[in-house]
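Below is model01.pdb, holding PDB, N, CA, C and O atoms.
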```pdb
ATOM      1  N   MET A1154      91.806  52.943 -26.606
ATOM      2  CA  MET A1154      90.399  52.568 -26.618
ATOM      3  C   MET A1154      90.243  51.270 -27.408
ATOM      4  O   MET A1154      90.846  51.091 -28.448
ATOM      5  N   ASP A1155      89.431  50.377 -26.928
ATOM      6  CA  ASP A1155      89.217  49.082 -27.554
ATOM      7  C   ASP A1155      88.359  49.248 -28.803
ATOM      8  O   ASP A1155      87.242  49.743 -28.744
ATOM      9  N   GLU A1156      88.875  48.825 -29.936
ATOM     10  CA  GLU A1156      88.170  48.977 -31.206
ATOM     11  C   GLU A1156      86.955  48.052 -31.316
ATOM     12  O   GLU A1156      86.135  48.223 -32.207
ATOM     13  N   ASN A1157      86.846  47.070 -30.430
ATOM     14  CA  ASN A1157      85.740  46.126 -30.490
ATOM     15  C   ASN A1157      84.473  46.650 -29.832
ATOM     16  O   ASN A1157      83.432  46.033 -29.915
ATOM     17  N   TYR A1158      84.582  47.782 -29.141
ATOM     18  CA  TYR A1158      83.437  48.338 -28.432
ATOM     19  C   TYR A1158      83.046  49.689 -29.027
ATOM     20  O   TYR A1158      83.873  50.400 -29.567
ATOM     21  N   ILE A1159      81.781  50.025 -28.879
ATOM     22  CA  ILE A1159      81.244  51.289 -29.377
ATOM     23  C   ILE A1159      81.411  52.357 -28.304
ATOM     24  O   ILE A1159      81.195  52.095 -27.122
ATOM     25  N   SER A1160      81.766  53.558 -28.714
ATOM     26  CA  SER A1160      81.891  54.691 -27.797
ATOM     27  C   SER A1160      80.802  55.707 -28.082
ATOM     28  O   SER A1160      80.374  55.877 -29.228
ATOM     29  N   ILE A1161      80.382  56.379 -27.037
ATOM     30  CA  ILE A1161      79.474  57.509 -27.160
ATOM     31  C   ILE A1161      80.348  58.708 -27.523
ATOM     32  O   ILE A1161      81.363  58.945 -26.854
ATOM     33  N   PRO A1162      79.998  59.472 -28.540
ATOM     34  CA  PRO A1162      80.837  60.618 -28.911
ATOM     35  C   PRO A1162      80.959  61.640 -27.782
ATOM     36  O   PRO A1162      80.070  61.761 -26.938
ATOM     37  N   ALA A1163      82.056  62.375 -27.771
ATOM     38  CA  ALA A1163      82.243  63.447 -26.805
ATOM     39  C   ALA A1163      81.116  64.469 -26.963
ATOM     40  O   ALA A1163      80.624  64.701 -28.075
ATOM     41  N   ALA A1164      80.715  65.067 -25.832
ATOM     42  CA  ALA A1164      79.650  66.082 -25.855
ATOM     43  C   ALA A1164      79.727  66.916 -24.589
ATOM     44  O   ALA A1164      80.178  66.435 -23.543
ATOM     45  N   ASP A1165      79.294  68.161 -24.691
ATOM     46  CA  ASP A1165      79.230  69.055 -23.524
ATOM     47  C   ASP A1165      80.560  69.138 -22.781
ATOM     48  O   ASP A1165      80.605  69.110 -21.556
ATOM     49  N   ASP A1166      81.648  69.220 -23.531
ATOM     50  CA  ASP A1166      82.995  69.294 -22.951
ATOM     51  C   ASP A1166      83.363  68.060 -22.132
ATOM     52  O   ASP A1166      84.241  68.126 -21.270
ATOM     53  N   CYS A1167      82.688  66.954 -22.377
ATOM     54  CA  CYS A1167      83.021  65.685 -21.730
ATOM     55  C   CYS A1167      83.566  64.736 -22.792
ATOM     56  O   CYS A1167      83.113  64.756 -23.935
ATOM     57  N   PRO A1168      84.533  63.912 -22.417
ATOM     58  CA  PRO A1168      85.124  62.996 -23.398
ATOM     59  C   PRO A1168      84.140  61.918 -23.848
ATOM     60  O   PRO A1168      83.094  61.718 -23.228
ATOM     61  N   SER A1169      84.516  61.229 -24.903
ATOM     62  CA  SER A1169      83.709  60.093 -25.340
ATOM     63  C   SER A1169      83.711  59.043 -24.238
ATOM     64  O   SER A1169      84.631  58.993 -23.415
ATOM     65  N   LEU A1170      82.668  58.233 -24.219
ATOM     66  CA  LEU A1170      82.526  57.200 -23.187
ATOM     67  C   LEU A1170      82.399  55.838 -23.852
ATOM     68  O   LEU A1170      81.561  55.642 -24.741
ATOM     69  N   LEU A1171      83.212  54.912 -23.420
ATOM     70  CA  LEU A1171      83.212  53.562 -23.959
ATOM     71  C   LEU A1171      82.051  52.764 -23.388
ATOM     72  O   LEU A1171      81.754  52.857 -22.195
ATOM     73  N   THR A1172      81.380  52.009 -24.242
ATOM     74  CA  THR A1172      80.306  51.128 -23.788
ATOM     75  C   THR A1172      80.833  49.689 -23.772
ATOM     76  O   THR A1172      81.865  49.402 -24.372
ATOM     77  N   PRO A1173      80.118  48.790 -23.130
ATOM     78  CA  PRO A1173      80.508  47.380 -23.165
ATOM     79  C   PRO A1173      79.871  46.633 -24.344
ATOM     80  O   PRO A1173      79.789  45.412 -24.336
ATOM     81  N   TRP A1174      79.408  47.387 -25.358
ATOM     82  CA  TRP A1174      78.678  46.795 -26.469
ATOM     83  C   TRP A1174      79.504  46.813 -27.743
ATOM     84  O   TRP A1174      80.168  47.794 -28.052
ATOM     85  N   GLY A1175      79.405  45.719 -28.502
ATOM     86  CA  GLY A1175      80.103  45.605 -29.770
ATOM     87  C   GLY A1175      79.358  46.296 -30.902
ATOM     88  O   GLY A1175      78.245  46.802 -30.735
ATOM     89  N   SER A1176      79.970  46.291 -32.065
ATOM     90  CA  SER A1176      79.449  47.022 -33.222
ATOM     91  C   SER A1176      78.069  46.550 -33.668
ATOM     92  O   SER A1176      77.323  47.322 -34.277
ATOM     93  N   GLU A1177      77.683  45.327 -33.359
ATOM     94  CA  GLU A1177      76.352  44.858 -33.758
ATOM     95  C   GLU A1177      75.238  45.633 -33.038
ATOM     96  O   GLU A1177      74.091  45.635 -33.478
ATOM     97  N   PHE A1178      75.594  46.315 -31.957
ATOM     98  CA  PHE A1178      74.612  47.105 -31.215
ATOM     99  C   PHE A1178      74.734  48.604 -31.493
ATOM    100  O   PHE A1178      74.069  49.408 -30.847
ATOM    101  N   SER A1179      75.548  48.936 -32.449
ATOM    102  CA  SER A1179      75.766  50.346 -32.782
ATOM    103  C   SER A1179      74.476  51.111 -33.091
ATOM    104  O   SER A1179      74.280  52.225 -32.590
ATOM    105  N   PRO A1180      73.546  50.556 -33.880
ATOM    106  CA  PRO A1180      72.316  51.306 -34.165
ATOM    107  C   PRO A1180      71.489  51.605 -32.918
ATOM    108  O   PRO A1180      70.911  52.692 -32.801
ATOM    109  N   MET A1181      71.440  50.683 -31.986
ATOM    110  CA  MET A1181      70.668  50.888 -30.766
ATOM    111  C   MET A1181      71.326  51.949 -29.880
ATOM    112  O   MET A1181      70.648  52.803 -29.322
ATOM    113  N   ILE A1182      72.643  51.881 -29.787
ATOM    114  CA  ILE A1182      73.378  52.861 -28.983
ATOM    115  C   ILE A1182      73.231  54.247 -29.583
ATOM    116  O   ILE A1182      72.944  55.220 -28.875
ATOM    117  N   GLU A1183      73.400  54.343 -30.886
ATOM    118  CA  GLU A1183      73.265  55.638 -31.558
ATOM    119  C   GLU A1183      71.862  56.210 -31.382
ATOM    120  O   GLU A1183      71.698  57.404 -31.160
ATOM    121  N   ARG A1184      70.857  55.352 -31.455
ATOM    122  CA  ARG A1184      69.481  55.812 -31.243
ATOM    123  C   ARG A1184      69.297  56.312 -29.822
ATOM    124  O   ARG A1184      68.601  57.308 -29.586
ATOM    125  N   GLY A1185      69.910  55.646 -28.857
ATOM    126  CA  GLY A1185      69.838  56.101 -27.474
ATOM    127  C   GLY A1185      70.452  57.476 -27.296
ATOM    128  O   GLY A1185      69.880  58.354 -26.645
ATOM    129  N   VAL A1186      71.613  57.692 -27.905
ATOM    130  CA  VAL A1186      72.280  58.993 -27.836
ATOM    131  C   VAL A1186      71.405  60.062 -28.502
ATOM    132  O   VAL A1186      71.192  61.139 -27.933
ATOM    133  N   GLN A1187      70.877  59.755 -29.675
ATOM    134  CA  GLN A1187      70.030  60.723 -30.396
ATOM    135  C   GLN A1187      68.775  61.063 -29.604
ATOM    136  O   GLN A1187      68.367  62.221 -29.542
ATOM    137  N   CYS A1188      68.161  60.067 -29.019
ATOM    138  CA  CYS A1188      66.935  60.271 -28.252
ATOM    139  C   CYS A1188      67.199  61.153 -27.032
ATOM    140  O   CYS A1188      66.448  62.087 -26.743
ATOM    141  N   ALA A1189      68.285  60.868 -26.319
ATOM    142  CA  ALA A1189      68.643  61.677 -25.152
ATOM    143  C   ALA A1189      68.970  63.108 -25.568
ATOM    144  O   ALA A1189      68.541  64.066 -24.914
ATOM    145  N   GLN A1190      69.718  63.257 -26.646
ATOM    146  CA  GLN A1190      70.080  64.596 -27.113
ATOM    147  C   GLN A1190      68.836  65.375 -27.511
ATOM    148  O   GLN A1190      68.708  66.563 -27.195
ATOM    149  N   ALA A1191      67.909  64.727 -28.175
ATOM    150  CA  ALA A1191      66.659  65.392 -28.567
ATOM    151  C   ALA A1191      65.887  65.842 -27.334
ATOM    152  O   ALA A1191      65.333  66.950 -27.302
ATOM    153  N   TRP A1192      65.864  64.999 -26.303
ATOM    154  CA  TRP A1192      65.167  65.384 -25.071
ATOM    155  C   TRP A1192      65.859  66.579 -24.415
ATOM    156  O   TRP A1192      65.201  67.508 -23.960
ATOM    157  N   LEU A1193      67.187  66.560 -24.394
ATOM    158  CA  LEU A1193      67.935  67.665 -23.790
ATOM    159  C   LEU A1193      67.681  68.994 -24.507
ATOM    160  O   LEU A1193      67.681  70.055 -23.884
ATOM    161  N   GLU A1194      67.457  68.935 -25.806
ATOM    162  CA  GLU A1194      67.254  70.146 -26.603
ATOM    163  C   GLU A1194      65.784  70.544 -26.723
ATOM    164  O   GLU A1194      65.486  71.639 -27.191
ATOM    165  N   ALA A1195      64.888  69.690 -26.290
ATOM    166  CA  ALA A1195      63.449  69.926 -26.457
ATOM    167  C   ALA A1195      62.945  71.000 -25.493
ATOM    168  O   ALA A1195      63.514  71.224 -24.429
ATOM    169  N   THR A1196      61.860  71.610 -25.897
ATOM    170  CA  THR A1196      61.213  72.605 -25.043
ATOM    171  C   THR A1196      59.858  72.096 -24.556
ATOM    172  O   THR A1196      59.039  72.870 -24.102
ATOM    173  N   THR A1197      59.651  70.796 -24.625
ATOM    174  CA  THR A1197      58.389  70.203 -24.175
ATOM    175  C   THR A1197      58.481  69.825 -22.705
ATOM    176  O   THR A1197      59.553  69.866 -22.102
ATOM    177  N   ASP A1198      57.354  69.424 -22.158
ATOM    178  CA  ASP A1198      57.299  69.010 -20.751
ATOM    179  C   ASP A1198      57.330  67.491 -20.590
ATOM    180  O   ASP A1198      56.994  66.980 -19.524
ATOM    181  N   ILE A1199      57.730  66.780 -21.621
ATOM    182  CA  ILE A1199      57.783  65.320 -21.533
ATOM    183  C   ILE A1199      58.873  64.931 -20.534
ATOM    184  O   ILE A1199      60.025  65.344 -20.677
ATOM    185  N   PRO A1200      58.533  64.144 -19.517
ATOM    186  CA  PRO A1200      59.541  63.732 -18.530
ATOM    187  C   PRO A1200      60.610  62.832 -19.156
ATOM    188  O   PRO A1200      60.331  62.055 -20.078
ATOM    189  N   LEU A1201      61.802  62.932 -18.634
ATOM    190  CA  LEU A1201      62.918  62.128 -19.128
ATOM    191  C   LEU A1201      62.598  60.638 -19.038
ATOM    192  O   LEU A1201      62.848  59.882 -19.969
ATOM    193  N   TRP A1202      62.048  60.196 -17.918
ATOM    194  CA  TRP A1202      61.751  58.770 -17.748
ATOM    195  C   TRP A1202      60.769  58.279 -18.797
ATOM    196  O   TRP A1202      60.862  57.151 -19.270
ATOM    197  N   TRP A1203      59.814  59.131 -19.182
ATOM    198  CA  TRP A1203      58.816  58.748 -20.178
ATOM    199  C   TRP A1203      59.475  58.564 -21.545
ATOM    200  O   TRP A1203      59.199  57.601 -22.253
ATOM    201  N   GLU A1204      60.343  59.495 -21.895
ATOM    202  CA  GLU A1204      61.057  59.403 -23.176
ATOM    203  C   GLU A1204      61.869  58.114 -23.236
ATOM    204  O   GLU A1204      61.832  57.395 -24.236
ATOM    205  N   LEU A1205      62.575  57.822 -22.164
ATOM    206  CA  LEU A1205      63.370  56.593 -22.112
ATOM    207  C   LEU A1205      62.479  55.363 -22.218
ATOM    208  O   LEU A1205      62.718  54.475 -23.043
ATOM    209  N   ALA A1206      61.442  55.305 -21.406
ATOM    210  CA  ALA A1206      60.576  54.120 -21.362
ATOM    211  C   ALA A1206      59.856  53.877 -22.682
ATOM    212  O   ALA A1206      59.767  52.731 -23.146
ATOM    213  N   GLN A1207      59.334  54.927 -23.285
ATOM    214  CA  GLN A1207      58.566  54.753 -24.513
ATOM    215  C   GLN A1207      59.437  54.359 -25.693
ATOM    216  O   GLN A1207      59.060  53.504 -26.493
ATOM    217  N   THR A1208      60.601  54.970 -25.814
ATOM    218  CA  THR A1208      61.476  54.630 -26.942
ATOM    219  C   THR A1208      62.106  53.264 -26.734
ATOM    220  O   THR A1208      62.308  52.519 -27.695
ATOM    221  N   ARG A1209      62.392  52.920 -25.503
ATOM    222  CA  ARG A1209      62.965  51.611 -25.193
ATOM    223  C   ARG A1209      62.080  50.489 -25.711
ATOM    224  O   ARG A1209      62.566  49.461 -26.186
ATOM    225  N   LYS A1210      60.782  50.684 -25.633
ATOM    226  CA  LYS A1210      59.828  49.655 -26.058
ATOM    227  C   LYS A1210      59.889  49.355 -27.550
ATOM    228  O   LYS A1210      59.360  48.345 -27.996
ATOM    229  N   THR A1211      60.523  50.232 -28.321
ATOM    230  CA  THR A1211      60.596  50.023 -29.772
ATOM    231  C   THR A1211      61.682  49.023 -30.159
ATOM    232  O   THR A1211      61.790  48.661 -31.331
ATOM    233  N   PHE A1212      62.470  48.574 -29.179
ATOM    234  CA  PHE A1212      63.533  47.608 -29.437
ATOM    235  C   PHE A1212      63.168  46.258 -28.844
ATOM    236  O   PHE A1212      62.438  46.189 -27.856
ATOM    237  N   PRO A1213      63.681  45.169 -29.429
ATOM    238  CA  PRO A1213      63.421  43.851 -28.869
ATOM    239  C   PRO A1213      63.946  43.753 -27.431
ATOM    240  O   PRO A1213      64.967  44.351 -27.092
ATOM    241  N   VAL A1214      63.237  42.994 -26.617
ATOM    242  CA  VAL A1214      63.622  42.800 -25.217
ATOM    243  C   VAL A1214      64.996  42.147 -25.149
ATOM    244  O   VAL A1214      65.331  41.288 -25.959
ATOM    245  N   GLY A1215      65.780  42.579 -24.181
ATOM    246  CA  GLY A1215      67.096  41.980 -23.972
ATOM    247  C   GLY A1215      68.224  42.934 -24.298
ATOM    248  O   GLY A1215      68.157  44.122 -23.966
ATOM    249  N   ASP A1216      69.246  42.421 -24.950
ATOM    250  CA  ASP A1216      70.446  43.203 -25.230
ATOM    251  C   ASP A1216      70.176  44.455 -26.061
ATOM    252  O   ASP A1216      70.829  45.479 -25.853
ATOM    253  N   CYS A1217      69.225  44.395 -26.968
ATOM    254  CA  CYS A1217      68.923  45.571 -27.797
ATOM    255  C   CYS A1217      68.401  46.718 -26.932
ATOM    256  O   CYS A1217      68.809  47.875 -27.110
ATOM    257  N   GLN A1218      67.517  46.409 -26.012
ATOM    258  CA  GLN A1218      67.013  47.446 -25.110
ATOM    259  C   GLN A1218      68.125  47.943 -24.195
ATOM    260  O   GLN A1218      68.233  49.145 -23.933
ATOM    261  N   ASP A1219      68.959  47.042 -23.710
ATOM    262  CA  ASP A1219      70.060  47.434 -22.829
ATOM    263  C   ASP A1219      71.053  48.345 -23.550
ATOM    264  O   ASP A1219      71.545  49.318 -22.969
ATOM    265  N   ALA A1220      71.343  48.041 -24.800
ATOM    266  CA  ALA A1220      72.266  48.875 -25.575
ATOM    267  C   ALA A1220      71.667  50.258 -25.817
ATOM    268  O   ALA A1220      72.361  51.277 -25.716
ATOM    269  N   PHE A1221      70.366  50.319 -26.117
ATOM    270  CA  PHE A1221      69.695  51.611 -26.266
ATOM    271  C   PHE A1221      69.814  52.410 -24.980
ATOM    272  O   PHE A1221      70.165  53.597 -24.996
ATOM    273  N   GLU A1222      69.528  51.781 -23.854
ATOM    274  CA  GLU A1222      69.615  52.463 -22.559
ATOM    275  C   GLU A1222      71.024  52.961 -22.282
ATOM    276  O   GLU A1222      71.199  54.047 -21.722
ATOM    277  N   ALA A1223      72.029  52.174 -22.640
ATOM    278  CA  ALA A1223      73.414  52.597 -22.434
ATOM    279  C   ALA A1223      73.689  53.891 -23.189
ATOM    280  O   ALA A1223      74.239  54.837 -22.627
ATOM    281  N   GLY A1224      73.295  53.942 -24.449
ATOM    282  CA  GLY A1224      73.498  55.159 -25.228
ATOM    283  C   GLY A1224      72.748  56.340 -24.638
ATOM    284  O   GLY A1224      73.281  57.448 -24.513
ATOM    285  N   PHE A1225      71.512  56.115 -24.268
ATOM    286  CA  PHE A1225      70.661  57.166 -23.712
ATOM    287  C   PHE A1225      71.242  57.705 -22.406
ATOM    288  O   PHE A1225      71.448  58.912 -22.237
ATOM    289  N   LEU A1226      71.525  56.807 -21.477
ATOM    290  CA  LEU A1226      71.970  57.226 -20.147
ATOM    291  C   LEU A1226      73.396  57.771 -20.147
ATOM    292  O   LEU A1226      73.708  58.698 -19.387
ATOM    293  N   LEU A1227      74.258  57.243 -20.994
ATOM    294  CA  LEU A1227      75.608  57.799 -21.068
ATOM    295  C   LEU A1227      75.589  59.221 -21.623
ATOM    296  O   LEU A1227      76.371  60.066 -21.184
ATOM    297  N   ARG A1228      74.691  59.501 -22.557
ATOM    298  CA  ARG A1228      74.583  60.879 -23.067
ATOM    299  C   ARG A1228      74.083  61.811 -21.967
ATOM    300  O   ARG A1228      74.598  62.926 -21.797
ATOM    301  N   ILE A1229      73.117  61.377 -21.177
ATOM    302  CA  ILE A1229      72.630  62.174 -20.047
ATOM    303  C   ILE A1229      73.758  62.345 -19.023
ATOM    304  O   ILE A1229      73.945  63.428 -18.461
ATOM    305  N   GLN A1230      74.527  61.290 -18.792
ATOM    306  CA  GLN A1230      75.661  61.355 -17.864
ATOM    307  C   GLN A1230      76.655  62.428 -18.297
ATOM    308  O   GLN A1230      77.169  63.184 -17.465
ATOM    309  N   GLN A1231      76.934  62.501 -19.588
ATOM    310  CA  GLN A1231      77.845  63.541 -20.078
ATOM    311  C   GLN A1231      77.326  64.931 -19.727
ATOM    312  O   GLN A1231      78.083  65.799 -19.282
ATOM    313  N   ARG A1232      76.038  65.149 -19.930
ATOM    314  CA  ARG A1232      75.470  66.461 -19.619
ATOM    315  C   ARG A1232      75.561  66.754 -18.128
ATOM    316  O   ARG A1232      75.929  67.854 -17.722
ATOM    317  N   LEU A1233      75.242  65.768 -17.307
ATOM    318  CA  LEU A1233      75.302  65.968 -15.865
ATOM    319  C   LEU A1233      76.730  66.283 -15.392
ATOM    320  O   LEU A1233      76.926  67.145 -14.537
ATOM    321  N   ARG A1234      77.680  65.598 -15.951
ATOM    322  CA  ARG A1234      79.069  65.858 -15.580
ATOM    323  C   ARG A1234      79.484  67.261 -16.005
ATOM    324  O   ARG A1234      80.243  67.928 -15.304
ATOM    325  N   SER A1235      79.022  67.714 -17.145
ATOM    326  CA  SER A1235      79.398  69.053 -17.609
ATOM    327  C   SER A1235      78.813  70.136 -16.717
ATOM    328  O   SER A1235      79.431  71.168 -16.494
ATOM    329  N   VAL A1236      77.638  69.887 -16.175
ATOM    330  CA  VAL A1236      76.980  70.861 -15.299
ATOM    331  C   VAL A1236      77.689  70.914 -13.949
ATOM    332  O   VAL A1236      77.785  71.977 -13.336
ATOM    333  N   SER A1237      78.208  69.786 -13.476
ATOM    334  CA  SER A1237      78.827  69.745 -12.155
ATOM    335  C   SER A1237      80.281  70.222 -12.153
ATOM    336  O   SER A1237      80.872  70.356 -11.102
ATOM    337  N   GLN A1238      80.855  70.491 -13.321
ATOM    338  CA  GLN A1238      82.260  70.925 -13.389
ATOM    339  C   GLN A1238      82.420  72.379 -13.057
ATOM    340  O   GLN A1238      81.720  73.230 -13.261
TER     341      GLN A1238
END
```

Take the structure in the file and give it back as structure tokens.
Amino acid sequence: MDENYISIPAADDCPSLLTPWGSEFSPMIERGVQCAQAWLEATTDIPLWWELAQTRKTFPVGDCQDAFEAGFLLRIQQRLRSVSQ
């Protein structure tokens, strides 16, 4: 694994996933993972797209938003892969 890139931690019996983002984007990626995990564990009726869109707006436009989305969507991807196995 390339040490210059941030990985999403393993979850739901799925391995960690490498992102194309460097360590300067680590806080945004981690927030994306946390936000997705919170949505997965929530018992509310808030739609997934709404959670993504609203939290995304809290980051500056551009790479910061993209890094947040990478963390968020890769965490959801892990869950989806675990369900399909």

Practice problem: Name the closest residue to Glu1177 of chain A among the candidates A:Arg1228, A:Ile1159, A:Glu1194, A:Glu1222; distances are taken between atoms, counting all atoms listed in the file. | Solution: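 Nearest to Glu1177 of chain A: A:Ile1159.
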
Self-check item: Which of chain A DSSP labels alpha helix (DSSP H), written as number ranges by chain
Solution: A: 1179-1194, 1201-1209, 1216-1237

Quiz prompt | For Asn1157 of chain A, the nearest of the candidates A:Asp1216, A:Gly1185, A:Leu1170, A:Ser1176, counting all atoms listed in the file | solution =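 Using all atoms listed in the file, Asn1157 of chain A sits closest to A:Ser1176.
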
Practice problem: Find the residue from A:Ser1169, A:Gln1190, A:Thr1196, A:Thr1211 that sits nearest to Ile1229 of chain A; use only N, CA, C and O atoms when measuring. | Solution: A:Gln1190

Practice problem: Name the residues that the PyMOL selection byres (((chain A and resi 1208 and name CA) around 10) and name CA) pulls out of this structure, and write them as a PyMOL selection string. | Solution: chain A and resi 1184-1185+1188+1203-1207+1209-1212+1218+1221-1222

Quiz item: Suppose you want the space between atom CA of Ala1189 of chain A and atom N of Ala1220 of chain A; what is it in Å?
Solution: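 Atom-to-atom, atom CA of Ala1189 of chain A to atom N of Ala1220 of chain A, that is 13.9 Å.
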
Quiz item: If you measure from atom CA of Gly1175 of chain A to atom CA of Val1236 of chain A, what distance in Å do you get, rounded to one decimal?
Solution: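 Atom CA of Gly1175 of chain A sits 29.3 Å away from atom CA of Val1236 of chain A.
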
Exercise. Find the spatial neighbours of Arg1232 of chain A, counting only C-alpha atoms, within a cut-off of 9 Å - ignore same-chain residues fewer than 4 positions away - and output them as a list in words.
Key: Ala1164, Asp1165, Asp1166, Cys1167, Leu1193, Leu1227, Arg1228, Val1236 and Ser1237 of chain A

Quiz prompt | strand (DSSP E) per DSSP on the backbone: members of chain A, as a ChimeraX atom specification | solution = /A:1160-1161,1170-1171

Quiz prompt | Å distance separating atom C of Pro1173 of chain A from atom N of Tyr1158 of chain A, one decimal place | solution =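 Going from atom C of Pro1173 of chain A over to atom N of Tyr1158 of chain A covers 6.8 Å.
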
Quiz item: Got a sec: who's within 5 Å of Val1186 of chain A, counting only N, CA, C and O atoms, leaving out chain neighbours fewer than 5 positions off, as a list of chain:residue names?
Solution: A:Ala1191, A:Gly1224, A:Phe1225

Exercise. Within 8 Å of Pro1168 of chain A, counting only N, CA, C and O atoms, which residues show up once you throw out same-chain ones fewer than 5 positions away? Write them as JSON, numbers by chain, please.
Key: {"A": [1161, 1162, 1163, 1227, 1231]}

Limited to N, CA, C and O atoms, could you put the picked residues into a file as an mmCIF file, in the frame of the given file?
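Contents of again-v4.cif, as written:
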```
data_model
loop_
_atom_site.group_PDB
_atom_site.id
_atom_site.type_symbol
_atom_site.label_atom_id
_atom_site.label_comp_id
_atom_site.auth_asym_id
_atom_site.auth_seq_id
_atom_site.Cartn_x
_atom_site.Cartn_y
_atom_site.Cartn_z
ATOM 1 N N ILE A 1161 80.382 56.379 -27.037
ATOM 2 C CA ILE A 1161 79.474 57.509 -27.160
ATOM 3 C C ILE A 1161 80.348 58.708 -27.523
ATOM 4 O O ILE A 1161 81.363 58.945 -26.854
ATOM 5 N N PRO A 1162 79.998 59.472 -28.540
ATOM 6 C CA PRO A 1162 80.837 60.618 -28.911
ATOM 7 C C PRO A 1162 80.959 61.640 -27.782
ATOM 8 O O PRO A 1162 80.070 61.761 -26.938
ATOM 9 N N ALA A 1163 82.056 62.375 -27.771
ATOM 10 C CA ALA A 1163 82.243 63.447 -26.805
ATOM 11 C C ALA A 1163 81.116 64.469 -26.963
ATOM 12 O O ALA A 1163 80.624 64.701 -28.075
ATOM 13 N N LEU A 1227 74.258 57.243 -20.994
ATOM 14 C CA LEU A 1227 75.608 57.799 -21.068
ATOM 15 C C LEU A 1227 75.589 59.221 -21.623
ATOM 16 O O LEU A 1227 76.371 60.066 -21.184
ATOM 17 N N GLN A 1231 76.934 62.501 -19.588
ATOM 18 C CA GLN A 1231 77.845 63.541 -20.078
ATOM 19 C C GLN A 1231 77.326 64.931 -19.727
ATOM 20 O O GLN A 1231 78.083 65.799 -19.282
#
```

Quiz item: Which residue, A:Leu1226, A:Val1214, A:Pro1200, A:Ser1160, has the smallest gap to Ser1179 of chain A when you use all atoms listed in the file?
Solution: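 The shortest atom-to-atom distance to Ser1179 of chain A comes from A:Ser1160.
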
Quiz item: Which residue gives the smallest distance to Leu1171 of chain A among A:Ala1223, A:Gln1230, A:Ser1235, A:Glu1183, with only N, CA, C and O atoms counted?
Solution: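 Smallest distance to Leu1171 of chain A is found for A:Ala1223.
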
Given 4 Å of margin on each side, can you work out the centre and size in Å (one decimal) of an axis-aligned box holding every listed atom of segment 1171-1185 of chain A, as AutoDock Vina command-line options?
```
--center_x 75.9 --center_y 51.6 --center_z -28.2 --size_x 22.6 --size_y 21.5 --size_z 20.1
```
